[in-house]
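Raw contents of start_33.cif, mmCIF, C-alpha atoms and all ligand atoms:
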```cif
data_run
loop_
_atom_site.group_PDB
_atom_site.id
_atom_site.type_symbol
_atom_site.label_atom_id
_atom_site.label_comp_id
_atom_site.auth_asym_id
_atom_site.auth_seq_id
_atom_site.Cartn_x
_atom_site.Cartn_y
_atom_site.Cartn_z
ATOM 1 C CA MET A 1 0.000 0.000 0.000
ATOM 2 C CA CYS A 2 1.184 3.543 -0.756
ATOM 3 C CA ALA A 3 2.726 5.010 2.421
ATOM 4 C CA ASN A 4 0.950 8.354 2.253
ATOM 5 C CA ILE A 5 -2.605 7.072 1.972
ATOM 6 C CA HIS A 6 -4.674 8.187 4.975
ATOM 7 C CA PRO A 7 -5.490 5.100 7.073
ATOM 8 C CA TRP A 8 -9.231 5.692 6.627
ATOM 9 C CA GLU A 9 -8.858 5.790 2.855
ATOM 10 C CA ALA A 10 -7.197 2.374 3.098
ATOM 11 C CA ILE A 11 -9.948 1.094 5.424
ATOM 12 C CA PHE A 12 -12.652 2.123 2.930
ATOM 13 C CA ARG A 13 -10.683 0.748 -0.056
ATOM 14 C CA ASN A 14 -10.477 -2.580 1.783
ATOM 15 C CA ASN A 15 -14.178 -2.447 2.583
ATOM 16 C CA ASP A 16 -13.361 -2.754 6.285
ATOM 17 C CA TRP A 17 -16.061 -0.473 7.728
ATOM 18 C CA PRO A 18 -19.148 -2.578 8.401
ATOM 19 C CA PHE A 19 -21.535 0.120 9.704
ATOM 20 C CA ASN A 20 -24.363 1.000 7.334
ATOM 21 C CA GLU A 21 -27.170 1.847 9.724
ATOM 22 C CA PRO A 22 -27.223 5.104 11.737
ATOM 23 C CA PHE A 23 -25.918 4.908 15.290
ATOM 24 C CA ALA A 24 -28.376 4.139 18.103
ATOM 25 C CA ASP A 25 -29.296 7.681 19.208
ATOM 26 C CA PHE A 26 -29.689 9.043 15.688
ATOM 27 C CA GLY A 27 -33.461 9.639 16.118
ATOM 28 C CA LYS A 28 -32.902 11.739 19.245
ATOM 29 C CA VAL A 29 -30.347 13.910 17.474
ATOM 30 C CA VAL A 30 -32.753 14.399 14.562
ATOM 31 C CA GLU A 31 -35.430 15.514 17.078
ATOM 32 C CA LYS A 32 -32.977 18.003 18.530
ATOM 33 C CA TYR A 33 -32.199 19.466 15.077
ATOM 34 C CA ARG A 34 -35.942 19.795 14.454
ATOM 35 C CA LEU A 35 -36.553 21.423 17.827
ATOM 36 C CA HIS A 36 -34.046 24.105 16.875
ATOM 37 C CA SER A 37 -35.480 24.494 13.343
ATOM 38 C CA CYS A 38 -32.285 23.264 11.673
ATOM 39 C CA HIS A 39 -32.481 22.924 7.891
ATOM 40 C CA CYS A 40 -28.918 22.854 6.674
ATOM 41 C CA LEU A 41 -26.487 20.358 8.219
ATOM 42 C CA LEU A 42 -22.834 19.397 7.849
ATOM 43 C CA ASP A 43 -21.931 15.712 8.322
ATOM 44 C CA LEU A 44 -18.250 16.217 9.101
ATOM 45 C CA GLY A 45 -16.293 13.009 8.489
ATOM 46 C CA CYS A 46 -19.265 11.342 6.821
ATOM 47 C CA GLY A 47 -17.300 8.210 5.842
ATOM 48 C CA THR A 48 -19.495 5.984 3.698
ATOM 49 C CA GLY A 49 -22.530 8.146 4.330
ATOM 50 C CA ARG A 50 -24.754 6.225 6.729
ATOM 51 C CA HIS A 51 -25.765 9.471 8.467
ATOM 52 C CA THR A 52 -25.572 11.771 5.425
ATOM 53 C CA LEU A 53 -28.092 9.580 3.633
ATOM 54 C CA ASN A 54 -30.455 9.385 6.583
ATOM 55 C CA LEU A 55 -30.204 13.076 7.490
ATOM 56 C CA GLU A 56 -31.155 13.909 3.905
ATOM 57 C CA LYS A 57 -34.027 11.401 4.039
ATOM 58 C CA GLU A 58 -35.230 13.099 7.241
ATOM 59 C CA GLY A 59 -35.582 16.269 5.187
ATOM 60 C CA PHE A 60 -32.419 18.187 6.109
ATOM 61 C CA ARG A 61 -30.279 19.735 3.391
ATOM 62 C CA THR A 62 -27.022 18.006 4.192
ATOM 63 C CA VAL A 63 -23.416 18.462 3.116
ATOM 64 C CA GLY A 64 -21.221 15.391 3.567
ATOM 65 C CA ALA A 65 -17.484 15.924 4.014
ATOM 66 C CA ASP A 66 -14.580 13.566 4.490
ATOM 67 C CA ILE A 67 -10.853 13.122 3.931
ATOM 68 C CA SER A 68 -11.374 9.831 2.069
ATOM 69 C CA PRO A 69 -12.229 9.966 -1.649
ATOM 70 C CA THR A 70 -13.270 6.308 -1.494
ATOM 71 C CA GLY A 71 -15.595 6.982 1.456
ATOM 72 C CA LEU A 72 -17.154 9.869 -0.474
ATOM 73 C CA GLY A 73 -17.456 7.690 -3.586
ATOM 74 C CA ILE A 74 -19.366 5.033 -1.633
ATOM 75 C CA THR A 75 -21.558 7.774 -0.114
ATOM 76 C CA GLN A 76 -22.277 9.133 -3.591
ATOM 77 C CA ARG A 77 -23.287 5.698 -4.904
ATOM 78 C CA ARG A 78 -25.620 5.167 -1.963
ATOM 79 C CA LEU A 79 -27.196 8.582 -2.522
ATOM 80 C CA VAL A 80 -27.696 7.955 -6.241
ATOM 81 C CA SER A 81 -29.306 4.578 -5.539
ATOM 82 C CA GLU A 82 -31.853 6.389 -3.333
ATOM 83 C CA ASN A 83 -32.346 9.268 -5.808
ATOM 84 C CA LEU A 84 -30.853 11.764 -3.376
ATOM 85 C CA ASN A 85 -28.672 14.688 -4.312
ATOM 86 C CA VAL A 86 -26.207 15.845 -1.659
ATOM 87 C CA GLU A 87 -23.135 18.069 -1.892
ATOM 88 C CA LEU A 88 -20.045 16.053 -0.952
ATOM 89 C CA VAL A 89 -16.788 17.788 -0.097
ATOM 90 C CA LEU A 90 -13.298 16.322 0.125
ATOM 91 C CA LEU A 91 -11.540 18.031 3.029
ATOM 92 C CA ASP A 92 -9.159 17.589 5.915
ATOM 93 C CA ALA A 93 -10.781 18.576 9.210
ATOM 94 C CA ARG A 94 -7.321 19.174 10.729
ATOM 95 C CA TYR A 95 -7.252 22.434 8.742
ATOM 96 C CA PRO A 96 -9.698 25.363 8.435
ATOM 97 C CA LEU A 97 -12.949 24.172 6.857
ATOM 98 C CA PRO A 98 -13.842 25.480 3.374
ATOM 99 C CA PHE A 99 -17.161 26.921 4.533
ATOM 100 C CA LYS A 100 -18.253 30.457 5.430
ATOM 101 C CA ASN A 101 -19.034 31.582 8.963
ATOM 102 C CA ASP A 102 -22.585 30.620 10.016
ATOM 103 C CA ALA A 103 -22.962 28.295 7.002
ATOM 104 C CA PHE A 104 -24.848 25.533 8.849
ATOM 105 C CA ASP A 105 -27.715 25.253 11.346
ATOM 106 C CA GLY A 106 -26.274 22.003 12.638
ATOM 107 C CA VAL A 107 -23.088 19.947 12.580
ATOM 108 C CA PHE A 108 -23.057 16.166 12.939
ATOM 109 C CA SER A 109 -19.705 14.457 13.417
ATOM 110 C CA THR A 110 -19.320 10.915 14.728
ATOM 111 C CA GLN A 111 -15.874 9.515 15.609
ATOM 112 C CA VAL A 112 -13.871 11.901 13.454
ATOM 113 C CA ILE A 113 -12.155 14.876 15.068
ATOM 114 C CA HIS A 114 -10.136 12.920 17.655
ATOM 115 C CA HIS A 115 -8.077 11.469 14.770
ATOM 116 C CA ALA A 116 -5.515 14.248 15.166
ATOM 117 C CA LEU A 117 -3.004 16.042 17.385
ATOM 118 C CA THR A 118 -4.369 18.181 20.223
ATOM 119 C CA ALA A 119 -3.865 21.490 18.391
ATOM 120 C CA GLN A 120 -5.664 20.104 15.320
ATOM 121 C CA VAL A 121 -8.571 18.798 17.432
ATOM 122 C CA ARG A 122 -8.838 22.278 18.993
ATOM 123 C CA LEU A 123 -8.908 23.828 15.537
ATOM 124 C CA ALA A 124 -11.654 21.403 14.434
ATOM 125 C CA ILE A 125 -13.766 22.344 17.485
ATOM 126 C CA HIS A 126 -13.178 26.014 16.711
ATOM 127 C CA GLU A 127 -14.139 25.454 13.062
ATOM 128 C CA ILE A 128 -17.337 23.617 14.019
ATOM 129 C CA TYR A 129 -18.201 26.657 16.145
ATOM 130 C CA ARG A 130 -17.350 29.081 13.337
ATOM 131 C CA VAL A 131 -19.457 27.393 10.650
ATOM 132 C CA LEU A 132 -22.529 27.127 12.914
ATOM 133 C CA ILE A 133 -25.150 29.865 13.116
ATOM 134 C CA PRO A 134 -25.732 31.308 16.607
ATOM 135 C CA ASP A 135 -27.868 28.782 18.525
ATOM 136 C CA GLY A 136 -26.848 26.131 15.947
ATOM 137 C CA VAL A 137 -26.691 22.543 17.202
ATOM 138 C CA ALA A 138 -23.526 20.428 17.231
ATOM 139 C CA PHE A 139 -23.657 16.692 17.803
ATOM 140 C CA VAL A 140 -20.121 15.353 18.046
ATOM 141 C CA THR A 141 -18.735 12.046 19.271
ATOM 142 C CA ILE A 142 -15.080 11.454 20.087
ATOM 143 C CA ALA A 143 -12.871 8.774 21.633
ATOM 144 C CA GLY A 144 -13.022 8.199 25.393
ATOM 145 C CA LYS A 145 -10.499 5.358 25.433
ATOM 146 C CA LEU A 146 -8.171 3.367 23.227
ATOM 147 C CA ASN A 147 -8.919 0.043 21.616
ATOM 148 C CA GLU A 148 -6.913 -2.315 23.798
ATOM 149 C CA GLU A 149 -6.300 -4.727 20.907
ATOM 150 C CA TYR A 150 -3.468 -2.504 19.680
ATOM 151 C CA ASP A 151 -0.155 -1.105 20.933
ATOM 152 C CA TYR A 152 0.359 2.637 21.116
ATOM 153 C CA GLU A 153 2.994 5.303 21.539
ATOM 154 C CA GLU A 154 1.942 8.436 23.446
ATOM 155 C CA ILE A 155 3.320 11.264 21.290
ATOM 156 C CA GLU A 156 1.956 14.152 23.363
ATOM 157 C CA PRO A 157 -0.223 14.189 26.483
ATOM 158 C CA ASP A 158 -3.391 12.148 25.821
ATOM 159 C CA THR A 159 -2.551 11.606 22.125
ATOM 160 C CA PHE A 160 -1.589 8.108 21.061
ATOM 161 C CA VAL A 161 -0.417 6.650 17.768
ATOM 162 C CA PRO A 162 -1.332 3.006 17.091
ATOM 163 C CA LEU A 163 1.758 0.937 16.255
ATOM 164 C CA ASN A 164 -0.352 -1.733 14.565
ATOM 165 C CA GLY A 165 -3.883 -2.298 13.270
ATOM 166 C CA SER A 166 -5.744 -0.508 10.480
ATOM 167 C CA GLU A 167 -5.271 2.955 12.012
ATOM 168 C CA LYS A 168 -1.511 2.489 12.412
ATOM 169 C CA GLY A 169 0.297 5.830 12.448
ATOM 170 C CA LEU A 170 -2.845 7.963 12.880
ATOM 171 C CA PRO A 171 -2.854 10.038 16.102
ATOM 172 C CA HIS A 172 -5.858 9.501 18.403
ATOM 173 C CA HIS A 173 -6.590 12.157 20.978
ATOM 174 C CA ILE A 174 -8.334 10.617 23.998
ATOM 175 C CA PHE A 175 -10.679 12.855 25.960
ATOM 176 C CA THR A 176 -12.083 12.930 29.464
ATOM 177 C CA VAL A 177 -15.405 14.603 30.214
ATOM 178 C CA ALA A 178 -13.492 17.379 32.006
ATOM 179 C CA GLN A 179 -11.393 17.989 28.881
ATOM 180 C CA VAL A 180 -14.529 18.142 26.737
ATOM 181 C CA GLN A 181 -15.943 20.769 29.073
ATOM 182 C CA GLU A 182 -12.722 22.738 28.739
ATOM 183 C CA GLU A 183 -12.351 22.420 24.952
ATOM 184 C CA PHE A 184 -16.034 23.149 24.198
ATOM 185 C CA VAL A 185 -16.102 26.133 26.563
ATOM 186 C CA ASP A 186 -17.428 28.491 23.866
ATOM 187 C CA PHE A 187 -20.506 26.288 23.404
ATOM 188 C CA ILE A 188 -23.508 25.748 25.622
ATOM 189 C CA LEU A 189 -23.004 22.089 26.530
ATOM 190 C CA GLU A 190 -26.364 20.329 26.797
ATOM 191 C CA ASP A 191 -25.088 16.790 27.233
ATOM 192 C CA VAL A 192 -21.708 15.123 27.603
ATOM 193 C CA SER A 193 -22.010 11.378 28.195
ATOM 194 C CA ILE A 194 -19.726 8.406 28.107
ATOM 195 C CA VAL A 195 -21.183 5.512 26.091
ATOM 196 C CA ALA A 196 -20.086 2.270 24.392
ATOM 197 C CA ASP A 197 -18.180 0.957 27.444
ATOM 198 C CA GLY A 198 -16.206 4.176 27.654
ATOM 199 C CA TYR A 199 -14.939 4.134 24.063
ATOM 200 C CA VAL A 200 -17.145 7.021 22.977
ATOM 201 C CA ILE A 201 -17.954 10.436 24.440
ATOM 202 C CA LYS A 202 -21.148 11.938 23.086
ATOM 203 C CA ILE A 203 -21.500 15.713 23.017
ATOM 204 C CA LEU A 204 -24.607 17.736 22.329
ATOM 205 C CA ALA A 205 -23.872 21.436 22.252
ATOM 206 C CA ARG A 206 -25.215 24.727 20.945
ATOM 207 C CA LYS A 207 -23.346 27.758 19.716
ATOM 208 C CA ARG A 208 -23.705 30.654 22.147
HETATM 209 C C1 LIG A 301 -14.847 6.017 12.531
HETATM 210 S S1 LIG A 301 -15.116 6.630 10.902
HETATM 211 C C2 LIG A 301 -16.734 7.368 11.129
HETATM 212 C C3 LIG A 301 -17.431 7.648 9.829
HETATM 213 C C4 LIG A 301 -18.838 8.239 9.999
HETATM 214 N N1 LIG A 301 -18.822 9.468 10.764
HETATM 215 C C5 LIG A 301 -19.752 7.233 10.621
HETATM 216 O O1 LIG A 301 -20.118 7.377 11.797
HETATM 217 O O2 LIG A 301 -20.115 6.273 9.922
HETATM 218 C C6 LIG A 301 -14.024 8.039 10.893
HETATM 219 C C7 LIG A 301 -14.223 8.951 9.701
HETATM 220 O O3 LIG A 301 -13.466 10.144 9.894
HETATM 221 C C8 LIG A 301 -12.870 10.493 8.690
HETATM 222 N N2 LIG A 301 -11.709 11.336 8.990
HETATM 223 C C9 LIG A 301 -10.653 11.014 9.771
HETATM 224 N N3 LIG A 301 -9.782 12.039 9.819
HETATM 225 C C10 LIG A 301 -10.326 13.030 9.065
HETATM 226 C C11 LIG A 301 -9.908 14.343 8.718
HETATM 227 N N4 LIG A 301 -8.761 14.836 9.161
HETATM 228 N N5 LIG A 301 -10.703 15.094 7.931
HETATM 229 C C12 LIG A 301 -11.895 14.598 7.468
HETATM 230 N N6 LIG A 301 -12.328 13.365 7.746
HETATM 231 C C13 LIG A 301 -11.566 12.588 8.540
HETATM 232 C C14 LIG A 301 -12.494 9.150 8.080
HETATM 233 O O4 LIG A 301 -12.195 9.217 6.722
HETATM 234 C C15 LIG A 301 -13.743 8.352 8.403
HETATM 235 O O5 LIG A 301 -14.718 8.530 7.435
#
```
As a first step, turn the structure in this file into structure tokens.
Amino acid sequence: MCANIHPWEAIFRNNDWPFNEPFADFGKVVEKYRLHSCHCLLDLGCGTGRHTLNLEKEGFRTVGADISPTGLGITQRRLVSENLNVELVLLDARYPLPFKNDAFDGVFSTQVIHHALTAQVRLAIHEIYRVLIPDGVAFVTIAGKLNEEYDYEEIEPDTFVPLNGSEKGLPHHIFTVAQVQEEFVDFILEDVSIVADGYVIKILARKR
């Protein structure tokens, strides 16, 4: 495999991501977007589109964005097969997002932004804030602990690089609830909960 392929591009090329259905609390997040009259959403790190597709079906105008061209290609095929037309954007969430301030009523991002160094995760949180309208709703999930199947090197405090496995070489920033409260300080935090045996921290927040 080419050394500079992003690990998630390789995962999608190898068809190694088995999740096609939305995650368990998807309906509750949709209700929250409706409650706040959200119309236009960003699915940041949409992968193969399981949420992009379903957000669009729920009636939201959705933009799907990801670093993996193969993930976006799979998303596009799924959308076409359901006669849906969604803007898909190839981007790297470790850098400023190619969207204007206040471009979205809601951001949805599951298991994406922790795949980076601390400064890059901070930038992604800042960018989510920037692209949301005031009172816009962010639903973000991040990593609460490491997958113990793999070995890791800690390259900066709370950031670990897997030495093996499919995400080898990709930094993972691991959060605590206290760190989430610190890093999302500009938002109104409505819910921060640890789920999936501690592997996932779920954040529901609004832009002040
Ligand atoms: C665990 S998968 C989750 C995919 C999708 N959110 C879902 O729940 O099905 C992680 C996703 O984050 C994307 N990703 C990782 N780093 C990224 C980055 N720097 N910029 C944009 N997308 C990124 C990967 O390509 C992959 O689609």
Practice problem: Spell out the residues picked by the PyMOL selection byres (((chain A and resi 188-204) around 10) and not hetatm) here, as JSON, numbers by chain. | Solution: {"A": [25, 29, 32, 108, 109, 110, 111, 135, 137, 138, 139, 140, 141, 142, 143, 144, 145, 146, 147, 174, 175, 176, 177, 178, 180, 181, 184, 185, 186, 187, 205, 206, 207, 208]}
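Closest to A:Asn54 among A:Phe160, A:Phe12, A:Phe26, A:Tyr33 is A:Phe26, based on only C-alpha atoms.
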Practice problem: Write out as JSON, numbers by chain each polymer residue whose atoms come within 9 Å of stretch 55-64 of chain A, counting only C-alpha atoms; drop sequence neighbours fewer than 3 positions from it. | Solution: {"A": [30, 38, 39, 40, 41, 42, 43, 44, 45, 46, 47, 49, 50, 51, 52, 72, 75, 84, 85, 86, 87, 88, 89, 90]}
Around all of ligand LIG 301 (chain A)'s listed atoms, make the axis-aligned box with 3 Å on each side and tell me centre and edge lengths in Å to one decimal, as lines of an AutoDock Vina configuration file.
```
center_x = -14.4
center_y = 10.6
center_z = 9.6
size_x = 17.4
size_y = 15.1
size_z = 11.8
```
Self-check item: Among the residues A:Pro98, A:Pro22, A:Gly106, A:Gly165, the one that comes closest to ligand LIG 301 (chain A) [using only C-alpha atoms and all ligand atoms]
Solution: A:Pro22
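You will find atom CA of A:Glu154 at 12.6 Å from atom CA of A:Ala116.
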